[in-house]
$ cat query00.pdb   # PDB, C-alpha atoms
MODEL        1
ATOM      1  CA  MET A   1    -100.717-135.531 -56.282
ATOM      2  CA  PRO A   2    -104.425-134.770 -55.732
ATOM      3  CA  ALA A   3    -105.688-136.984 -58.572
ATOM      4  CA  ALA A   4    -103.793-140.026 -57.290
ATOM      5  CA  ARG A   5    -104.993-139.345 -53.756
ATOM      6  CA  GLU A   6    -108.635-139.240 -54.823
ATOM      7  CA  SER A   7    -108.203-142.393 -56.892
ATOM      8  CA  LEU A   8    -106.712-144.161 -53.886
ATOM      9  CA  LEU A   9    -109.528-143.001 -51.619
ATOM     10  CA  ASP A  10    -112.073-144.165 -54.194
ATOM     11  CA  ALA A  11    -110.341-147.545 -54.411
ATOM     12  CA  ALA A  12    -110.299-147.850 -50.620
ATOM     13  CA  ASP A  13    -114.011-146.991 -50.481
ATOM     14  CA  THR A  14    -114.764-149.651 -53.076
ATOM     15  CA  ALA A  15    -112.684-152.227 -51.196
ATOM     16  CA  LEU A  16    -114.449-151.347 -47.951
ATOM     17  CA  ALA A  17    -117.836-151.960 -49.567
ATOM     18  CA  ARG A  18    -116.719-155.500 -50.428
ATOM     19  CA  ARG A  19    -114.865-156.608 -47.315
ATOM     20  CA  PRO A  20    -114.206-155.590 -43.703
ATOM     21  CA  TRP A  21    -111.550-152.942 -43.156
ATOM     22  CA  PRO A  22    -109.120-155.378 -41.471
ATOM     23  CA  ALA A  23    -109.175-157.448 -44.687
ATOM     24  CA  VAL A  24    -108.500-154.459 -46.972
ATOM     25  CA  ARG A  25    -104.880-154.656 -48.111
ATOM     26  CA  MET A  26    -102.827-151.624 -49.048
ATOM     27  CA  VAL A  27    -101.322-153.428 -52.030
ATOM     28  CA  ASP A  28    -104.803-154.130 -53.399
ATOM     29  CA  VAL A  29    -105.891-150.505 -52.929
ATOM     30  CA  ALA A  30    -102.799-149.305 -54.821
ATOM     31  CA  ALA A  31    -103.367-151.796 -57.638
ATOM     32  CA  ALA A  32    -107.048-150.855 -57.963
ATOM     33  CA  ALA A  33    -106.104-147.175 -58.202
ATOM     34  CA  GLY A  34    -103.423-147.922 -60.795
ATOM     35  CA  VAL A  35    -100.550-146.505 -58.755
ATOM     36  CA  SER A  36     -97.574-147.988 -56.956
ATOM     37  CA  ARG A  37     -97.725-149.064 -53.344
ATOM     38  CA  GLN A  38     -95.001-146.492 -52.658
ATOM     39  CA  THR A  39     -97.319-143.739 -53.930
ATOM     40  CA  LEU A  40     -99.989-144.975 -51.537
ATOM     41  CA  TYR A  41     -97.594-144.812 -48.597
ATOM     42  CA  ASN A  42     -96.264-141.430 -49.725
ATOM     43  CA  GLU A  43     -99.834-140.070 -49.644
ATOM     44  CA  PHE A  44    -101.135-141.630 -46.423
ATOM     45  CA  GLY A  45     -98.118-142.925 -44.510
ATOM     46  CA  SER A  46     -99.871-146.041 -43.230
ATOM     47  CA  LYS A  47    -103.150-147.912 -43.287
ATOM     48  CA  ASP A  48    -104.261-145.859 -40.282
ATOM     49  CA  GLY A  49    -103.442-142.719 -42.256
ATOM     50  CA  LEU A  50    -105.602-144.000 -45.100
ATOM     51  CA  ALA A  51    -108.415-144.700 -42.628
ATOM     52  CA  ARG A  52    -108.179-141.164 -41.238
ATOM     53  CA  ALA A  53    -108.255-139.734 -44.759
ATOM     54  CA  LEU A  54    -111.344-141.803 -45.644
ATOM     55  CA  VAL A  55    -113.175-140.588 -42.568
ATOM     56  CA  ARG A  56    -112.109-136.970 -43.119
ATOM     57  CA  ARG A  57    -113.314-137.113 -46.731
ATOM     58  CA  ALA A  58    -116.657-138.561 -45.636
ATOM     59  CA  ALA A  59    -117.094-135.720 -43.134
ATOM     60  CA  ASP A  60    -116.104-133.091 -45.713
ATOM     61  CA  ASP A  61    -118.474-134.518 -48.328
ATOM     62  CA  TYR A  62    -121.310-134.528 -45.815
ATOM     63  CA  LEU A  63    -120.719-130.911 -44.803
ATOM     64  CA  ALA A  64    -120.383-129.774 -48.423
ATOM     65  CA  GLY A  65    -123.790-131.324 -49.088
ATOM     66  CA  VAL A  66    -125.232-129.528 -46.074
ATOM     67  CA  ASP A  67    -123.998-126.234 -47.506
ATOM     68  CA  ARG A  68    -125.609-127.016 -50.865
ATOM     69  CA  ALA A  69    -128.889-127.985 -49.210
ATOM     70  CA  LEU A  70    -128.944-124.750 -47.219
ATOM     71  CA  GLY A  71    -128.777-122.783 -50.475
ATOM     72  CA  THR A  72    -131.677-124.521 -52.212
ATOM     73  CA  SER A  73    -134.542-122.171 -51.371
ATOM     74  CA  PRO A  74    -135.341-118.675 -50.122
ATOM     75  CA  ASP A  75    -137.606-120.208 -47.468
ATOM     76  CA  ALA A  76    -135.840-120.954 -44.173
ATOM     77  CA  ARG A  77    -137.953-123.996 -43.319
ATOM     78  CA  ASP A  78    -137.364-125.477 -46.758
ATOM     79  CA  ARG A  79    -133.638-124.973 -46.372
ATOM     80  CA  LEU A  80    -133.504-126.692 -42.992
ATOM     81  CA  THR A  81    -135.701-129.476 -44.326
ATOM     82  CA  ALA A  82    -133.370-129.948 -47.308
ATOM     83  CA  ALA A  83    -130.361-130.180 -44.979
ATOM     84  CA  ALA A  84    -132.181-132.752 -42.837
ATOM     85  CA  GLU A  85    -133.119-134.811 -45.895
ATOM     86  CA  TRP A  86    -129.528-134.704 -47.151
ATOM     87  CA  THR A  87    -128.360-135.937 -43.753
ATOM     88  CA  THR A  88    -130.678-138.932 -43.691
ATOM     89  CA  ASP A  89    -130.232-139.781 -47.381
ATOM     90  CA  LEU A  90    -126.427-139.737 -47.245
ATOM     91  CA  ALA A  91    -126.307-141.657 -43.969
ATOM     92  CA  ARG A  92    -128.472-144.347 -45.528
ATOM     93  CA  GLU A  93    -126.082-144.648 -48.502
ATOM     94  CA  ASN A  94    -122.715-144.139 -46.796
ATOM     95  CA  ALA A  95    -121.735-146.257 -43.802
ATOM     96  CA  LEU A  96    -118.869-143.942 -42.842
ATOM     97  CA  VAL A  97    -121.166-140.911 -42.735
ATOM     98  CA  ARG A  98    -123.679-142.897 -40.679
ATOM     99  CA  ALA A  99    -120.944-143.845 -38.207
ATOM    100  CA  LEU A 100    -119.697-140.258 -38.011
ATOM    101  CA  LEU A 101    -123.200-138.995 -37.261
ATOM    102  CA  THR A 102    -124.130-141.665 -34.732
ATOM    103  CA  GLY A 103    -120.810-142.663 -33.205
ATOM    104  CA  CYS A 104    -121.701-146.313 -33.927
ATOM    105  CA  TRP A 105    -118.699-148.008 -35.535
ATOM    106  CA  ASN A 106    -118.440-151.726 -36.158
ATOM    107  CA  GLU A 107    -115.613-154.147 -36.837
ATOM    108  CA  ARG A 108    -116.125-153.902 -40.610
ATOM    109  CA  MET A 109    -115.197-150.241 -40.678
ATOM    110  CA  PRO A 110    -112.104-148.150 -40.136
ATOM    111  CA  ALA A 111    -112.477-146.415 -36.804
ATOM    112  CA  PRO A 112    -109.461-144.157 -36.259
ATOM    113  CA  ALA A 113    -109.142-142.295 -32.990
ATOM    114  CA  ARG A 114    -110.916-138.930 -32.996
ATOM    115  CA  ALA A 115    -107.966-137.224 -31.359
ATOM    116  CA  ALA A 116    -105.240-135.783 -33.551
ATOM    117  CA  VAL A 117    -102.213-137.968 -34.186
ATOM    118  CA  PRO A 118     -98.627-136.777 -34.667
ATOM    119  CA  SER A 119     -98.191-136.091 -38.369
ATOM    120  CA  VAL A 120     -94.920-136.174 -40.251
ATOM    121  CA  SER A 121     -96.625-136.066 -43.656
ATOM    122  CA  ALA A 122     -95.459-133.614 -46.298
ATOM    123  CA  VAL A 123     -98.934-133.820 -47.874
ATOM    124  CA  PRO A 124    -101.199-130.963 -46.640
ATOM    125  CA  ALA A 125    -104.372-133.030 -47.060
ATOM    126  CA  GLN A 126    -102.876-135.795 -44.915
ATOM    127  CA  ARG A 127    -101.737-133.369 -42.224
ATOM    128  CA  ARG A 128    -105.368-132.212 -42.062
ATOM    129  CA  ALA A 129    -106.612-135.814 -41.898
ATOM    130  CA  ASP A 130    -104.156-136.454 -39.073
ATOM    131  CA  GLY A 131    -105.806-133.653 -37.112
ATOM    132  CA  PRO A 132    -108.847-134.184 -34.883
ATOM    133  CA  LEU A 133    -111.810-135.951 -36.481
ATOM    134  CA  PRO A 134    -115.343-134.721 -35.679
ATOM    135  CA  SER A 135    -117.558-136.468 -33.141
ATOM    136  CA  PRO A 136    -121.353-136.610 -33.573
ATOM    137  CA  GLY A 137    -121.620-133.663 -31.170
ATOM    138  CA  ASP A 138    -119.054-131.714 -33.181
ATOM    139  CA  LEU A 139    -121.070-132.295 -36.354
ATOM    140  CA  VAL A 140    -124.279-131.128 -34.705
ATOM    141  CA  THR A 141    -122.551-127.896 -33.709
ATOM    142  CA  ILE A 142    -120.935-127.398 -37.114
ATOM    143  CA  VAL A 143    -124.191-127.982 -39.026
ATOM    144  CA  ARG A 144    -126.200-125.816 -36.611
ATOM    145  CA  ASP A 145    -123.706-122.967 -36.996
ATOM    146  CA  ARG A 146    -123.606-123.270 -40.782
ATOM    147  CA  ALA A 147    -127.389-123.291 -40.911
ATOM    148  CA  LEU A 148    -127.535-120.267 -38.617
ATOM    149  CA  ALA A 149    -125.064-118.386 -40.814
ATOM    150  CA  ALA A 150    -126.962-119.327 -43.984
ATOM    151  CA  LEU A 151    -130.349-118.288 -42.604
ATOM    152  CA  ALA A 152    -129.179-115.132 -40.881
ATOM    153  CA  GLY A 153    -127.415-113.971 -44.053
ATOM    154  CA  PRO A 154    -124.283-111.843 -44.338
ATOM    155  CA  GLY A 155    -126.031-108.558 -43.614
ATOM    156  CA  ALA A 156    -128.575-109.804 -41.102
ATOM    157  CA  ARG A 157    -129.085-107.830 -37.912
ATOM    158  CA  ARG A 158    -130.506-110.596 -35.760
ATOM    159  CA  THR A 159    -129.311-110.203 -32.200
ATOM    160  CA  GLY A 160    -130.099-111.468 -28.723
ATOM    161  CA  PRO A 161    -133.261-113.545 -28.476
ATOM    162  CA  ASP A 162    -133.789-113.556 -32.253
ATOM    163  CA  THR A 163    -130.420-115.214 -32.853
ATOM    164  CA  ALA A 164    -130.912-117.639 -29.967
ATOM    165  CA  ASP A 165    -134.339-118.694 -31.274
ATOM    166  CA  LEU A 166    -132.959-119.184 -34.778
ATOM    167  CA  ALA A 167    -130.041-121.224 -33.436
ATOM    168  CA  ARG A 168    -132.474-123.451 -31.509
ATOM    169  CA  SER A 169    -134.526-124.021 -34.656
ATOM    170  CA  CYS A 170    -131.406-124.941 -36.593
ATOM    171  CA  GLU A 171    -130.272-127.367 -33.915
ATOM    172  CA  LEU A 172    -133.746-128.883 -33.669
ATOM    173  CA  ALA A 173    -133.695-129.672 -37.402
ATOM    174  CA  VAL A 174    -130.234-131.249 -37.123
ATOM    175  CA  ARG A 175    -131.160-133.375 -34.125
ATOM    176  CA  LEU A 176    -134.397-134.528 -35.733
ATOM    177  CA  ALA A 177    -132.385-135.617 -38.765
ATOM    178  CA  LEU A 178    -129.975-137.555 -36.548
ATOM    179  CA  SER A 179    -132.866-139.275 -34.783
ATOM    180  CA  CYS A 180    -134.125-140.355 -38.215
ATOM    181  CA  VAL A 181    -130.679-141.741 -39.053
ATOM    182  CA  ALA A 182    -130.800-143.897 -35.921
ATOM    183  CA  ALA A 183    -134.479-144.848 -36.263
ATOM    184  CA  PRO A 184    -135.818-144.236 -39.795
ATOM    185  CA  PRO A 185    -139.320-142.707 -39.804
ATOM    186  CA  GLY A 186    -142.336-144.055 -41.638
ATOM    187  CA  ASP A 187    -144.438-142.272 -44.236
ATOM    188  CA  GLY A 188    -143.541-138.641 -44.773
ATOM    189  CA  GLY A 189    -140.003-139.186 -43.594
ATOM    190  CA  VAL A 190    -137.774-136.583 -42.062
ATOM    191  CA  ALA A 191    -139.288-133.766 -44.151
ATOM    192  CA  ASP A 192    -142.687-133.970 -42.442
ATOM    193  CA  LEU A 193    -141.064-134.204 -39.018
ATOM    194  CA  VAL A 194    -138.860-131.171 -39.561
ATOM    195  CA  ARG A 195    -141.596-129.043 -41.133
ATOM    196  CA  GLY A 196    -143.980-129.964 -38.349
ATOM    197  CA  ALA A 197    -141.444-129.186 -35.641
ATOM    198  CA  LEU A 198    -140.568-125.831 -37.246
ATOM    199  CA  HIS A 199    -144.166-124.830 -37.930
ATOM    200  CA  HIS A 200    -144.269-122.390 -35.010
ATOM    201  CA  SER A 201    -140.577-121.518 -35.055
ATOM    202  CA  PRO A 202    -139.646-117.841 -35.526
ATOM    203  CA  LEU A 203    -137.985-118.293 -38.915
TER     204      LEU A 203
ENDMDL
END

$ encode --input "query00.pdb" --output "structure tokens"
Amino acid sequence: MPAARESLLDAADTALARRPWPAVRMVDVAAAAGVSRQTLYNEFGSKDGLARALVRRAADDYLAGVDRALGTSPDARDRLTAAAEWTTDLARENALVRALLTGCWNERMPAPARAAVPSVSAVPAQRRADGPLPSPGDLVTIVRDRALAALAGPGARRTGPDTADLARSCELAVRLALSCVAAPPGDGGVADLVRGALHHSPL
């Protein structure tokens, strides 16, 4: 029931914007989504299952945006800059993404354990949500590797030092973006920082 699941996740997101996670009630989430409470439990199993699904969706949405940003330009520096800007912009707007990227969770937010939990769900999306959730370090690695794959291209013949240098440039852009999430920059923002840092990179 993908449509109901997305409606429930949207309703939970809206509830979370209005009150702390401990005060979000499953019955209210179901009512806001226009489905029965039983449907909610069938989809997520429990409130912790709903929390895991919210966090997994936030991570997936972030990474999908990274992929889009990496396809915005033929210029490698522009692509890494776009991914860095997406990172800082989304983290500013979405508290769950900010927590995923920084590891800083507070009492207002769902903070499910990163380790996988035993899943008895018949719903494939929930079984995935019950799997391990990414840490900030995991996300750095995932984004670096996606950037490397996007810049190297499917038929690229970069090897040895070339690939290592490109990987370092990709990771530098990601880590600069994360530093800007934690401590927002002044004029010029993350774009100027990333372009400046990559000015002498072998891209």

$ resolve_selection --input "query00.pdb" --expression "the PyMOL selection byres ((chain A and resi 17) around 12)" --output "PDB file with C-alpha atoms, in the coordinates of the input"
ATOM      1  CA  ASP A  10    -112.073-144.165 -54.194  1.00  0.00           C
ATOM      2  CA  ALA A  11    -110.341-147.545 -54.411  1.00  0.00           C
ATOM      3  CA  ALA A  12    -110.299-147.850 -50.620  1.00  0.00           C
ATOM      4  CA  ASP A  13    -114.011-146.991 -50.481  1.00  0.00           C
ATOM      5  CA  THR A  14    -114.764-149.651 -53.076  1.00  0.00           C
ATOM      6  CA  ALA A  15    -112.684-152.227 -51.196  1.00  0.00           C
ATOM      7  CA  LEU A  16    -114.449-151.347 -47.951  1.00  0.00           C
ATOM      8  CA  ARG A  18    -116.719-155.500 -50.428  1.00  0.00           C
ATOM      9  CA  ARG A  19    -114.865-156.608 -47.315  1.00  0.00           C
ATOM     10  CA  PRO A  20    -114.206-155.590 -43.703  1.00  0.00           C
ATOM     11  CA  TRP A  21    -111.550-152.942 -43.156  1.00  0.00           C
ATOM     12  CA  ALA A  23    -109.175-157.448 -44.687  1.00  0.00           C
ATOM     13  CA  VAL A  24    -108.500-154.459 -46.972  1.00  0.00           C
ATOM     14  CA  GLU A  93    -126.082-144.648 -48.502  1.00  0.00           C
ATOM     15  CA  ASN A  94    -122.715-144.139 -46.796  1.00  0.00           C
ATOM     16  CA  ALA A  95    -121.735-146.257 -43.802  1.00  0.00           C
ATOM     17  CA  LEU A  96    -118.869-143.942 -42.842  1.00  0.00           C
ATOM     18  CA  ARG A 108    -116.125-153.902 -40.610  1.00  0.00           C
ATOM     19  CA  MET A 109    -115.197-150.241 -40.678  1.00  0.00           C
ATOM     20  CA  PRO A 110    -112.104-148.150 -40.136  1.00  0.00           C
TER      21      PRO A 110
END

$ residues_around --input "query00.pdb" --residues "Cys170 in chain A" --least-positions-apart "3" --cutoff "10 Å" --atoms "only C-alpha atoms" --output "ChimeraX atom specification"
/A:76-77,80-81,83,140-141,143-148,151,164-167,173-175,198,201,203

$ resolve_selection --input "query00.pdb" --expression "the PyMOL selection byres ((chain A and resi 117-134) around 12)" --output "PyMOL selection string"
chain A and resi 1-2+5-6+9+39-46+48-60+62-63+97+99-103+111-116+135-143

$ write_last_selection --input "query00.pdb" --atoms "C-alpha atoms" --output "short mmCIF file (atom, residue, chain, number, x, y, z; two decimals), in the frame of the given file"
data_model
loop_
_atom_site.label_atom_id
_atom_site.label_comp_id
_atom_site.auth_asym_id
_atom_site.auth_seq_id
_atom_site.Cartn_x
_atom_site.Cartn_y
_atom_site.Cartn_z
CA MET A 1 -100.72 -135.53 -56.28
CA PRO A 2 -104.42 -134.77 -55.73
CA ARG A 5 -104.99 -139.34 -53.76
CA GLU A 6 -108.64 -139.24 -54.82
CA LEU A 9 -109.53 -143.00 -51.62
CA THR A 39 -97.32 -143.74 -53.93
CA LEU A 40 -99.99 -144.98 -51.54
CA TYR A 41 -97.59 -144.81 -48.60
CA ASN A 42 -96.26 -141.43 -49.72
CA GLU A 43 -99.83 -140.07 -49.64
CA PHE A 44 -101.14 -141.63 -46.42
CA GLY A 45 -98.12 -142.93 -44.51
CA SER A 46 -99.87 -146.04 -43.23
CA ASP A 48 -104.26 -145.86 -40.28
CA GLY A 49 -103.44 -142.72 -42.26
CA LEU A 50 -105.60 -144.00 -45.10
CA ALA A 51 -108.42 -144.70 -42.63
CA ARG A 52 -108.18 -141.16 -41.24
CA ALA A 53 -108.26 -139.73 -44.76
CA LEU A 54 -111.34 -141.80 -45.64
CA VAL A 55 -113.18 -140.59 -42.57
CA ARG A 56 -112.11 -136.97 -43.12
CA ARG A 57 -113.31 -137.11 -46.73
CA ALA A 58 -116.66 -138.56 -45.64
CA ALA A 59 -117.09 -135.72 -43.13
CA ASP A 60 -116.10 -133.09 -45.71
CA TYR A 62 -121.31 -134.53 -45.82
CA LEU A 63 -120.72 -130.91 -44.80
CA VAL A 97 -121.17 -140.91 -42.74
CA ALA A 99 -120.94 -143.84 -38.21
CA LEU A 100 -119.70 -140.26 -38.01
CA LEU A 101 -123.20 -139.00 -37.26
CA THR A 102 -124.13 -141.66 -34.73
CA GLY A 103 -120.81 -142.66 -33.20
CA ALA A 111 -112.48 -146.42 -36.80
CA PRO A 112 -109.46 -144.16 -36.26
CA ALA A 113 -109.14 -142.29 -32.99
CA ARG A 114 -110.92 -138.93 -33.00
CA ALA A 115 -107.97 -137.22 -31.36
CA ALA A 116 -105.24 -135.78 -33.55
CA SER A 135 -117.56 -136.47 -33.14
CA PRO A 136 -121.35 -136.61 -33.57
CA GLY A 137 -121.62 -133.66 -31.17
CA ASP A 138 -119.05 -131.71 -33.18
CA LEU A 139 -121.07 -132.29 -36.35
CA VAL A 140 -124.28 -131.13 -34.70
CA THR A 141 -122.55 -127.90 -33.71
CA ILE A 142 -120.94 -127.40 -37.11
CA VAL A 143 -124.19 -127.98 -39.03
#

$ resolve_selection --input "query00.pdb" --expression "the PyMOL selection byres ((chain A and resi 32) around 9)" --output "list in words"
Ser7, Leu8, Ala11, Ala12, Ala15, Val27, Asp28, Val29, Ala30, Ala31, Ala33, Gly34 and Val35 of chain A

$ atom_distance --input "query00.pdb" --atom1 "CA of Cys104 in chain A" --atom2 "CA of Asp61 in chain A"
18.9 Å

$ build_atoms --input "query00.pdb" --residues "range 114-139 of chain A" --atoms "N, CA and C atoms" --output "short mmCIF file (atom, residue, chain, number, x, y, z; two decimals), keeping the file's coordinate frame"
data_model
loop_
_atom_site.label_atom_id
_atom_site.label_comp_id
_atom_site.auth_asym_id
_atom_site.auth_seq_id
_atom_site.Cartn_x
_atom_site.Cartn_y
_atom_site.Cartn_z
N ARG A 114 -110.48 -140.29 -32.66
CA ARG A 114 -110.92 -138.93 -33.00
C ARG A 114 -109.85 -137.90 -32.71
N ALA A 115 -109.01 -138.18 -31.72
CA ALA A 115 -107.97 -137.22 -31.36
C ALA A 115 -106.93 -137.12 -32.48
N ALA A 116 -106.30 -135.97 -32.57
CA ALA A 116 -105.24 -135.78 -33.55
C ALA A 116 -104.09 -136.75 -33.27
N VAL A 117 -103.39 -137.12 -34.33
CA VAL A 117 -102.21 -137.97 -34.19
C VAL A 117 -101.01 -137.19 -34.70
N PRO A 118 -99.82 -137.48 -34.16
CA PRO A 118 -98.63 -136.78 -34.67
C PRO A 118 -98.47 -137.02 -36.16
N SER A 119 -98.29 -135.97 -36.92
CA SER A 119 -98.19 -136.09 -38.37
C SER A 119 -96.82 -135.66 -38.84
N VAL A 120 -96.20 -136.52 -39.64
CA VAL A 120 -94.92 -136.17 -40.25
C VAL A 120 -95.09 -136.07 -41.77
N SER A 121 -96.34 -136.07 -42.22
CA SER A 121 -96.62 -136.07 -43.66
C SER A 121 -96.25 -134.73 -44.29
N ALA A 122 -95.72 -134.82 -45.51
CA ALA A 122 -95.46 -133.61 -46.30
C ALA A 122 -96.68 -133.22 -47.13
N VAL A 123 -97.73 -134.05 -47.07
CA VAL A 123 -98.93 -133.82 -47.87
C VAL A 123 -99.94 -133.01 -47.04
N PRO A 124 -100.28 -131.79 -47.45
CA PRO A 124 -101.20 -130.96 -46.64
C PRO A 124 -102.52 -131.66 -46.33
N ALA A 125 -103.09 -132.35 -47.30
CA ALA A 125 -104.37 -133.03 -47.06
C ALA A 125 -104.22 -134.10 -45.99
N GLN A 126 -103.07 -134.77 -45.94
CA GLN A 126 -102.88 -135.79 -44.92
C GLN A 126 -102.63 -135.17 -43.55
N ARG A 127 -101.93 -134.05 -43.52
CA ARG A 127 -101.74 -133.37 -42.22
C ARG A 127 -103.10 -132.97 -41.65
N ARG A 128 -104.02 -132.55 -42.53
CA ARG A 128 -105.37 -132.21 -42.06
C ARG A 128 -106.09 -133.46 -41.57
N ALA A 129 -105.96 -134.57 -42.31
CA ALA A 129 -106.61 -135.81 -41.90
C ALA A 129 -106.04 -136.32 -40.57
N ASP A 130 -104.78 -136.03 -40.32
CA ASP A 130 -104.16 -136.45 -39.07
C ASP A 130 -104.58 -135.58 -37.89
N GLY A 131 -105.27 -134.50 -38.17
CA GLY A 131 -105.81 -133.65 -37.11
C GLY A 131 -107.03 -134.30 -36.48
N PRO A 132 -107.68 -133.60 -35.56
CA PRO A 132 -108.85 -134.18 -34.88
C PRO A 132 -109.99 -134.45 -35.86
N LEU A 133 -110.65 -135.58 -35.67
CA LEU A 133 -111.81 -135.95 -36.48
C LEU A 133 -113.08 -135.61 -35.70
N PRO A 134 -114.14 -135.19 -36.39
CA PRO A 134 -115.34 -134.72 -35.68
C PRO A 134 -116.13 -135.85 -35.02
N SER A 135 -116.63 -135.57 -33.83
CA SER A 135 -117.56 -136.47 -33.14
C SER A 135 -118.98 -136.14 -33.59
N PRO A 136 -119.97 -136.97 -33.25
CA PRO A 136 -121.35 -136.61 -33.57
C PRO A 136 -121.74 -135.24 -33.00
N GLY A 137 -121.32 -134.96 -31.77
CA GLY A 137 -121.62 -133.66 -31.17
C GLY A 137 -120.97 -132.52 -31.92
N ASP A 138 -119.73 -132.74 -32.38
CA ASP A 138 -119.05 -131.71 -33.18
C ASP A 138 -119.85 -131.42 -34.45
N LEU A 139 -120.33 -132.48 -35.10
CA LEU A 139 -121.07 -132.29 -36.35
C LEU A 139 -122.39 -131.57 -36.12
#
